[in-house]
Amino acid sequence: MCILGSFLRCFPRRAYSPDNTHSQPDSPTDGIPLSPTRTAIDTNPPELPTPTESPELPTAANPPELPTAANPPELPTADNPPELPTAANPPELPTLTNPPELPSKVEETLAVCPQFRILLVGNTGVGKSSLVSSMFNIGLEDIDIAHDRVGKADINREYTSPENPRFILHDSKGFEPGSENTWNIVEEFVRDRCRTERPLKDRVHTIWLCIQTPRTGSRLMETGDQQLIKLANQSQLPVIVVFTKYDLLCNEKSKQRREKLPSEAPEIRKRSADNEAEAYLNKRVNDYADFDFKSVKWVSVSTNRQYRDAARRLEMLRMLTRVTRDCLHDVEGDLLVPWATAQQINAQQKVNYSIDEGFKKYWLDLGQNTIFEGSVLWDCVSRIHRDILVVWNFQDPEQVHLSALMRQLVLMDTFQLLSGERFCTAMVKLIEPLLIHSESQSDDILSQTSELVSIASTIAAPFGQVLGAAGIVAFAAKFLYGKYQKSSLTALCLGAYIVDLTLILHNLFMDMLTQEPPRPVTREIINDTLQKYKDSDAGRVHGLIRGIVNQTLSLHPEEKIADLIRKELRIETVK
């Protein structure tokens with residue numbers, strides 16, 4: 001509901017009057033609607049319209065009577081108090097709007113290619129299913145490619161997941177003995193999916209060639225693997241060799257050291273075995289005579305929870321996200337945002353590309369943005385909030401498990417934790433101290449707000465009580481629900497909201513990475529992340545933002561806001 005609902009709920013409810021007047025009832029029962037348990041005792045009940053005598057509706061020639069200076073709205077008094085929030089009648093809390101006059105810039109970018117499409121090639125049991133689960137934060141049972149037997153994989157099948165709708169997967173068996181026809185199938189598919197006549201969204205964007213990390217006595221590659229790399233390079237299709245199950249090579253080296261040095265301390269043995277495994281794999285790749293590995297990017301990964309610690313496994317997966325991103329720079333079309341949105345391992349890519357998308361339109365100049373002129377400030381905040389959320393692409397189980405029909409019938413915000421009332425209220429309360437601190441300097445801003453807020457200011461007391469029940473003071477609410485004004489206070493509001501939201505989502509993302517996939521957001525972890533940020537970082541960060549905004553010579557405060565975000569998170573700009 002819009003904020004007008006909050007205002008109207010501050011007025012006393014009036015009984016129906018046929019002549020559209022506001023006269024007081026003549027008796028205790030006149031004009032009072034009867035409940036089902038009351039007995040009608042009125043001798044002259046109000047005359048109601050009949051089917052042939054419909055009530056007169058407003059028209060251009062007969063407009064409805066609206067409040068004016070000569071005919072102001074009736075205000076609450078001691079004898080006629082406003083209707084205040086109760087448990088049965090809760091207050092209106094801020095929820096994200098989706099203003100059509102402020103279309104999503106991120107969705108505009110993603111409209112060309114809404115899903116990142118990967119061809120996964122590898123033998124049965126090589127670890128493809130675990131890799132996809134870890135990279136895209138989905139359950140193993142959601143895309144089950146682990147049990148495809150030789151001859152059973154269908155390369156044309158599109159694997160998708162409601163837990164992460166931003167990627168499409170094609171699976172092909174590898175070029176193992178007994179699969180002579182595999183090369184013909186893969187070649188035909190790659191050539192077809194690389195045709196420039198196809199829309200970008202229908203082409204294959206990257207190939208992950210999954211090969212189990214070689215150990216002593218095992219082959220490094222099959223002939224078909226080499227042919228696929230050559231075909232991909234000819235087709236200008238990024239291909240990455242992913243050496244899976246790297247932990248098995250580490251275990252082999254650890255076992256060898258245990259046999260040679262039985263008294264070696266376990267931690268020393270583990271560290272030394274890892275170093276030997278890394279050196280062994282590099283030597284195998286560099287000394288491989290049948291193929292020049294300089295023509296292809298390669299990484300090693302392990303998704304085994306028993307391998308070292310989570311940080312090491314995540315870093316290997318992050319390397320895969322970085323190599324994949326780097327390979328996309330030379331590809332026709334903008335695939336960087338679809339990739340950053342789909343992957344669920346690399347928080348830095350999400351931060352950087354949400355900043356880049358913001359710089360295209362809605363972050364520009366913050367307090368001097370001509371695009372926002374005429375819009376309600378909360379609509380501007382909502383658009384920025386929504387666009388940032390799209391790039392982060394968190395998994396919300398309450399949304400995922402809705403049926404397709406239900407998605408069409410209900411407002412999705414009802415089921416989204418990071419765009420619902422509680423989270424938005426917490427975000428507003430975070431920036432509220434900044435707005436209150438600047439209130440004495442903002443009289444000129446409030447005097448120029450919308451007519452809706454002007455009406456609200458005439459009923460400040462009840463309006464404040466309604467918003468007070470939500471924990472938001474009247475000044476902040478009136479400012480947010482007023483028209484966008486070019487001012488330093490507006491820049492402060494938007495800058496603080498952008499930084500707070502980005503840092504909170506980053507912290508939430510990183511905290512959830514310690515869990516095994518799938519990793520859905522929950523109210524508990526959201527509340528915990530919010531509280532930690534409020535207690536440890538919010539005050540200090542807000543001071544830095546105030547300093548940025550107060551630098552009147554700064555023509556592009558959004559650039560310094562982005563620099564602040566990157567500095568706080570110790571990340572570099574994506575090149």
# chains A, B, ... in the order shown; residues from 1 in each chain; ligands from 1
$ residues_around --residues "region 534-544 of chain A" --least-positions-apart "3" --cutoff "10 Å" --atoms "only C-alpha atoms" --output "VMD selection string"
chain A and resid 426 430 to 431 433 to 434 492 495 to 497 499 to 500 503 to 504 528 to 531 547 to 550 561 564 to 565 568
$ residues_around --residues "region 174-188 of chain A" --least-positions-apart "3" --cutoff "8 Å" --atoms "only C-alpha atoms" --output "JSON, numbers by chain"
{"A": [121, 122, 123, 124, 150, 151, 155, 191, 192, 222, 223, 224, 225, 228, 231]}
$ write_last_selection --atoms "N, CA, C and O atoms" --output "CSV table (one decimal), in the first residue's frame"
chain,number,residue,atom,x,y,z
A,121,VAL,N,31.7,-30.3,-20.0
A,121,VAL,CA,32.1,-31.6,-20.7
A,121,VAL,C,33.0,-32.3,-19.7
A,121,VAL,O,33.9,-31.7,-19.1
A,122,GLY,N,32.8,-33.6,-19.5
A,122,GLY,CA,33.6,-34.4,-18.6
A,122,GLY,C,33.1,-35.8,-18.4
A,122,GLY,O,31.8,-36.0,-18.6
A,123,ASN,N,33.9,-36.7,-18.1
A,123,ASN,CA,33.6,-38.1,-17.9
A,123,ASN,C,32.7,-38.2,-16.7
A,123,ASN,O,32.7,-37.4,-15.8
A,124,THR,N,32.0,-39.3,-16.7
A,124,THR,CA,31.1,-39.7,-15.5
A,124,THR,C,32.0,-39.8,-14.2
A,124,THR,O,33.0,-40.4,-14.3
A,150,VAL,N,27.5,-43.6,-19.6
A,150,VAL,CA,28.1,-43.4,-21.0
A,150,VAL,C,26.9,-43.6,-22.0
A,150,VAL,O,26.2,-44.6,-21.9
A,151,GLY,N,26.8,-42.6,-22.9
A,151,GLY,CA,25.7,-42.8,-23.9
A,151,GLY,C,24.4,-42.2,-23.5
A,151,GLY,O,23.5,-42.2,-24.3
A,155,ILE,N,23.2,-33.6,-24.6
A,155,ILE,CA,23.9,-32.3,-24.7
A,155,ILE,C,22.9,-31.1,-24.9
A,155,ILE,O,23.1,-30.0,-24.6
A,191,ARG,N,29.3,-25.9,-32.9
A,191,ARG,CA,29.2,-25.1,-34.1
A,191,ARG,C,27.8,-24.4,-34.2
A,191,ARG,O,27.7,-23.2,-34.6
A,192,ASP,N,26.8,-25.1,-33.8
A,192,ASP,CA,25.5,-24.6,-33.9
A,192,ASP,C,25.3,-23.4,-32.9
A,192,ASP,O,24.7,-22.4,-33.2
A,222,GLU,N,42.6,-36.5,-23.1
A,222,GLU,CA,42.3,-37.4,-24.2
A,222,GLU,C,42.4,-36.6,-25.5
A,222,GLU,O,42.4,-35.4,-25.5
A,223,THR,N,42.4,-37.3,-26.6
A,223,THR,CA,42.5,-36.7,-27.9
A,223,THR,C,41.3,-35.8,-28.1
A,223,THR,O,41.4,-34.7,-28.7
A,224,GLY,N,40.2,-36.2,-27.7
A,224,GLY,CA,38.9,-35.4,-27.9
A,224,GLY,C,39.0,-34.1,-27.1
A,224,GLY,O,38.4,-33.1,-27.5
A,225,ASP,N,39.7,-34.1,-25.9
A,225,ASP,CA,39.8,-32.9,-25.2
A,225,ASP,C,40.6,-31.9,-26.0
A,225,ASP,O,40.2,-30.7,-26.0
A,228,LEU,N,38.5,-30.4,-28.8
A,228,LEU,CA,37.5,-29.5,-28.3
A,228,LEU,C,38.1,-28.1,-28.1
A,228,LEU,O,37.5,-27.1,-28.4
A,231,LEU,N,38.7,-26.4,-31.4
A,231,LEU,CA,37.4,-26.0,-32.0
A,231,LEU,C,36.9,-24.8,-31.3
A,231,LEU,O,36.4,-23.8,-31.9
$ closest_residue --among "A:Pro266, A:Gly358, A:Pro238, A:Pro162" --to "Val391 (chain A)" --atoms "only C-alpha atoms"
A:Gly358
$ closest_residue --among "A:Asn346, A:Asn369, A:Gln515, A:Asn507" --to "Arg325 (chain A)" --atoms "only C-alpha atoms"
A:Asn346
$ decode --residues "region 334-364 of chain A" --atoms "N, CA and C atoms" --output "PDB file, in the first residue's frame"
ATOM      1  N   ASP A 334      27.607  -8.087 -23.943  1.00  0.00           N
ATOM      2  CA  ASP A 334      27.916  -7.877 -22.528  1.00  0.00           C
ATOM      3  C   ASP A 334      27.516  -9.102 -21.717  1.00  0.00           C
ATOM      4  N   LEU A 335      28.511  -9.956 -21.435  1.00  0.00           N
ATOM      5  CA  LEU A 335      28.263 -11.168 -20.659  1.00  0.00           C
ATOM      6  C   LEU A 335      28.783 -11.049 -19.236  1.00  0.00           C
ATOM      7  N   LEU A 336      29.437  -9.946 -18.920  1.00  0.00           N
ATOM      8  CA  LEU A 336      30.052  -9.813 -17.603  1.00  0.00           C
ATOM      9  C   LEU A 336      28.999  -9.716 -16.504  1.00  0.00           C
ATOM     10  N   VAL A 337      27.936  -8.964 -16.731  1.00  0.00           N
ATOM     11  CA  VAL A 337      26.886  -8.832 -15.712  1.00  0.00           C
ATOM     12  C   VAL A 337      26.114 -10.143 -15.550  1.00  0.00           C
ATOM     13  N   PRO A 338      25.705 -10.810 -16.650  1.00  0.00           N
ATOM     14  CA  PRO A 338      25.059 -12.127 -16.462  1.00  0.00           C
ATOM     15  C   PRO A 338      25.935 -13.113 -15.696  1.00  0.00           C
ATOM     16  N   TRP A 339      27.251 -13.107 -15.977  1.00  0.00           N
ATOM     17  CA  TRP A 339      28.135 -14.026 -15.256  1.00  0.00           C
ATOM     18  C   TRP A 339      28.229 -13.650 -13.784  1.00  0.00           C
ATOM     19  N   ALA A 340      28.450 -12.359 -13.497  1.00  0.00           N
ATOM     20  CA  ALA A 340      28.572 -11.930 -12.106  1.00  0.00           C
ATOM     21  C   ALA A 340      27.301 -12.224 -11.327  1.00  0.00           C
ATOM     22  N   THR A 341      26.165 -12.113 -11.977  1.00  0.00           N
ATOM     23  CA  THR A 341      24.884 -12.384 -11.322  1.00  0.00           C
ATOM     24  C   THR A 341      24.691 -13.874 -11.066  1.00  0.00           C
ATOM     25  N   ALA A 342      25.094 -14.707 -12.004  1.00  0.00           N
ATOM     26  CA  ALA A 342      24.867 -16.156 -11.889  1.00  0.00           C
ATOM     27  C   ALA A 342      25.776 -16.800 -10.849  1.00  0.00           C
ATOM     28  N   GLN A 343      27.073 -16.471 -10.864  1.00  0.00           N
ATOM     29  CA  GLN A 343      28.006 -17.136  -9.950  1.00  0.00           C
ATOM     30  C   GLN A 343      27.716 -16.744  -8.503  1.00  0.00           C
ATOM     31  N   GLN A 344      27.922 -17.671  -7.599  1.00  0.00           N
ATOM     32  CA  GLN A 344      27.614 -17.446  -6.185  1.00  0.00           C
ATOM     33  C   GLN A 344      28.818 -17.735  -5.290  1.00  0.00           C
ATOM     34  N   ILE A 345      30.004 -17.354  -5.786  1.00  0.00           N
ATOM     35  CA  ILE A 345      31.245 -17.576  -5.045  1.00  0.00           C
ATOM     36  C   ILE A 345      32.014 -16.285  -4.833  1.00  0.00           C
ATOM     37  N   ASN A 346      32.059 -15.424  -5.832  1.00  0.00           N
ATOM     38  CA  ASN A 346      32.930 -14.254  -5.832  1.00  0.00           C
ATOM     39  C   ASN A 346      32.136 -12.990  -5.499  1.00  0.00           C
ATOM     40  N   ALA A 347      32.246 -12.533  -4.241  1.00  0.00           N
ATOM     41  CA  ALA A 347      31.523 -11.334  -3.805  1.00  0.00           C
ATOM     42  C   ALA A 347      32.077 -10.079  -4.458  1.00  0.00           C
ATOM     43  N   GLN A 348      33.383 -10.047  -4.729  1.00  0.00           N
ATOM     44  CA  GLN A 348      33.984  -8.859  -5.320  1.00  0.00           C
ATOM     45  C   GLN A 348      33.398  -8.556  -6.688  1.00  0.00           C
ATOM     46  N   GLN A 349      33.154  -9.588  -7.485  1.00  0.00           N
ATOM     47  CA  GLN A 349      32.558  -9.368  -8.796  1.00  0.00           C
ATOM     48  C   GLN A 349      31.157  -8.783  -8.661  1.00  0.00           C
ATOM     49  N   LYS A 350      30.407  -9.226  -7.692  1.00  0.00           N
ATOM     50  CA  LYS A 350      29.059  -8.694  -7.492  1.00  0.00           C
ATOM     51  C   LYS A 350      29.103  -7.228  -7.067  1.00  0.00           C
ATOM     52  N   VAL A 351      30.026  -6.899  -6.179  1.00  0.00           N
ATOM     53  CA  VAL A 351      30.163  -5.501  -5.751  1.00  0.00           C
ATOM     54  C   VAL A 351      30.538  -4.625  -6.935  1.00  0.00           C
ATOM     55  N   ASN A 352      31.555  -5.040  -7.679  1.00  0.00           N
ATOM     56  CA  ASN A 352      32.043  -4.207  -8.776  1.00  0.00           C
ATOM     57  C   ASN A 352      31.012  -4.019  -9.872  1.00  0.00           C
ATOM     58  N   TYR A 353      30.282  -5.058 -10.221  1.00  0.00           N
ATOM     59  CA  TYR A 353      29.334  -4.917 -11.324  1.00  0.00           C
ATOM     60  C   TYR A 353      28.035  -4.242 -10.888  1.00  0.00           C
ATOM     61  N   SER A 354      27.684  -4.319  -9.621  1.00  0.00           N
ATOM     62  CA  SER A 354      26.542  -3.522  -9.154  1.00  0.00           C
ATOM     63  C   SER A 354      26.919  -2.045  -9.161  1.00  0.00           C
ATOM     64  N   ILE A 355      28.175  -1.726  -8.847  1.00  0.00           N
ATOM     65  CA  ILE A 355      28.652  -0.346  -8.943  1.00  0.00           C
ATOM     66  C   ILE A 355      28.652   0.116 -10.404  1.00  0.00           C
ATOM     67  N   ASP A 356      29.175  -0.717 -11.302  1.00  0.00           N
ATOM     68  CA  ASP A 356      29.212  -0.343 -12.715  1.00  0.00           C
ATOM     69  C   ASP A 356      27.811  -0.087 -13.259  1.00  0.00           C
ATOM     70  N   GLU A 357      26.854  -0.920 -12.887  1.00  0.00           N
ATOM     71  CA  GLU A 357      25.483  -0.720 -13.349  1.00  0.00           C
ATOM     72  C   GLU A 357      24.892   0.561 -12.756  1.00  0.00           C
ATOM     73  N   GLY A 358      25.213   0.843 -11.503  1.00  0.00           N
ATOM     74  CA  GLY A 358      24.736   2.074 -10.886  1.00  0.00           C
ATOM     75  C   GLY A 358      25.281   3.305 -11.580  1.00  0.00           C
ATOM     76  N   PHE A 359      26.543   3.244 -11.996  1.00  0.00           N
ATOM     77  CA  PHE A 359      27.180   4.370 -12.679  1.00  0.00           C
ATOM     78  C   PHE A 359      26.552   4.653 -14.042  1.00  0.00           C
ATOM     79  N   LYS A 360      25.880   3.667 -14.620  1.00  0.00           N
ATOM     80  CA  LYS A 360      25.257   3.878 -15.923  1.00  0.00           C
ATOM     81  C   LYS A 360      24.067   4.834 -15.839  1.00  0.00           C
ATOM     82  N   LYS A 361      23.456   4.944 -14.631  1.00  0.00           N
ATOM     83  CA  LYS A 361      22.241   5.763 -14.571  1.00  0.00           C
ATOM     84  C   LYS A 361      21.937   6.302 -13.188  1.00  0.00           C
ATOM     85  N   TYR A 362      21.565   5.433 -12.257  1.00  0.00           N
ATOM     86  CA  TYR A 362      20.888   5.891 -11.046  1.00  0.00           C
ATOM     87  C   TYR A 362      21.811   6.347  -9.921  1.00  0.00           C
ATOM     88  N   TRP A 363      23.108   6.050 -10.014  1.00  0.00           N
ATOM     89  CA  TRP A 363      24.021   6.537  -8.985  1.00  0.00           C
ATOM     90  C   TRP A 363      24.624   7.887  -9.354  1.00  0.00           C
ATOM     91  N   LEU A 364      24.391   8.338 -10.557  1.00  0.00           N
ATOM     92  CA  LEU A 364      25.054   9.534 -11.049  1.00  0.00           C
ATOM     93  C   LEU A 364      24.696  10.762 -10.229  1.00  0.00           C
TER      94      LEU A 364
END
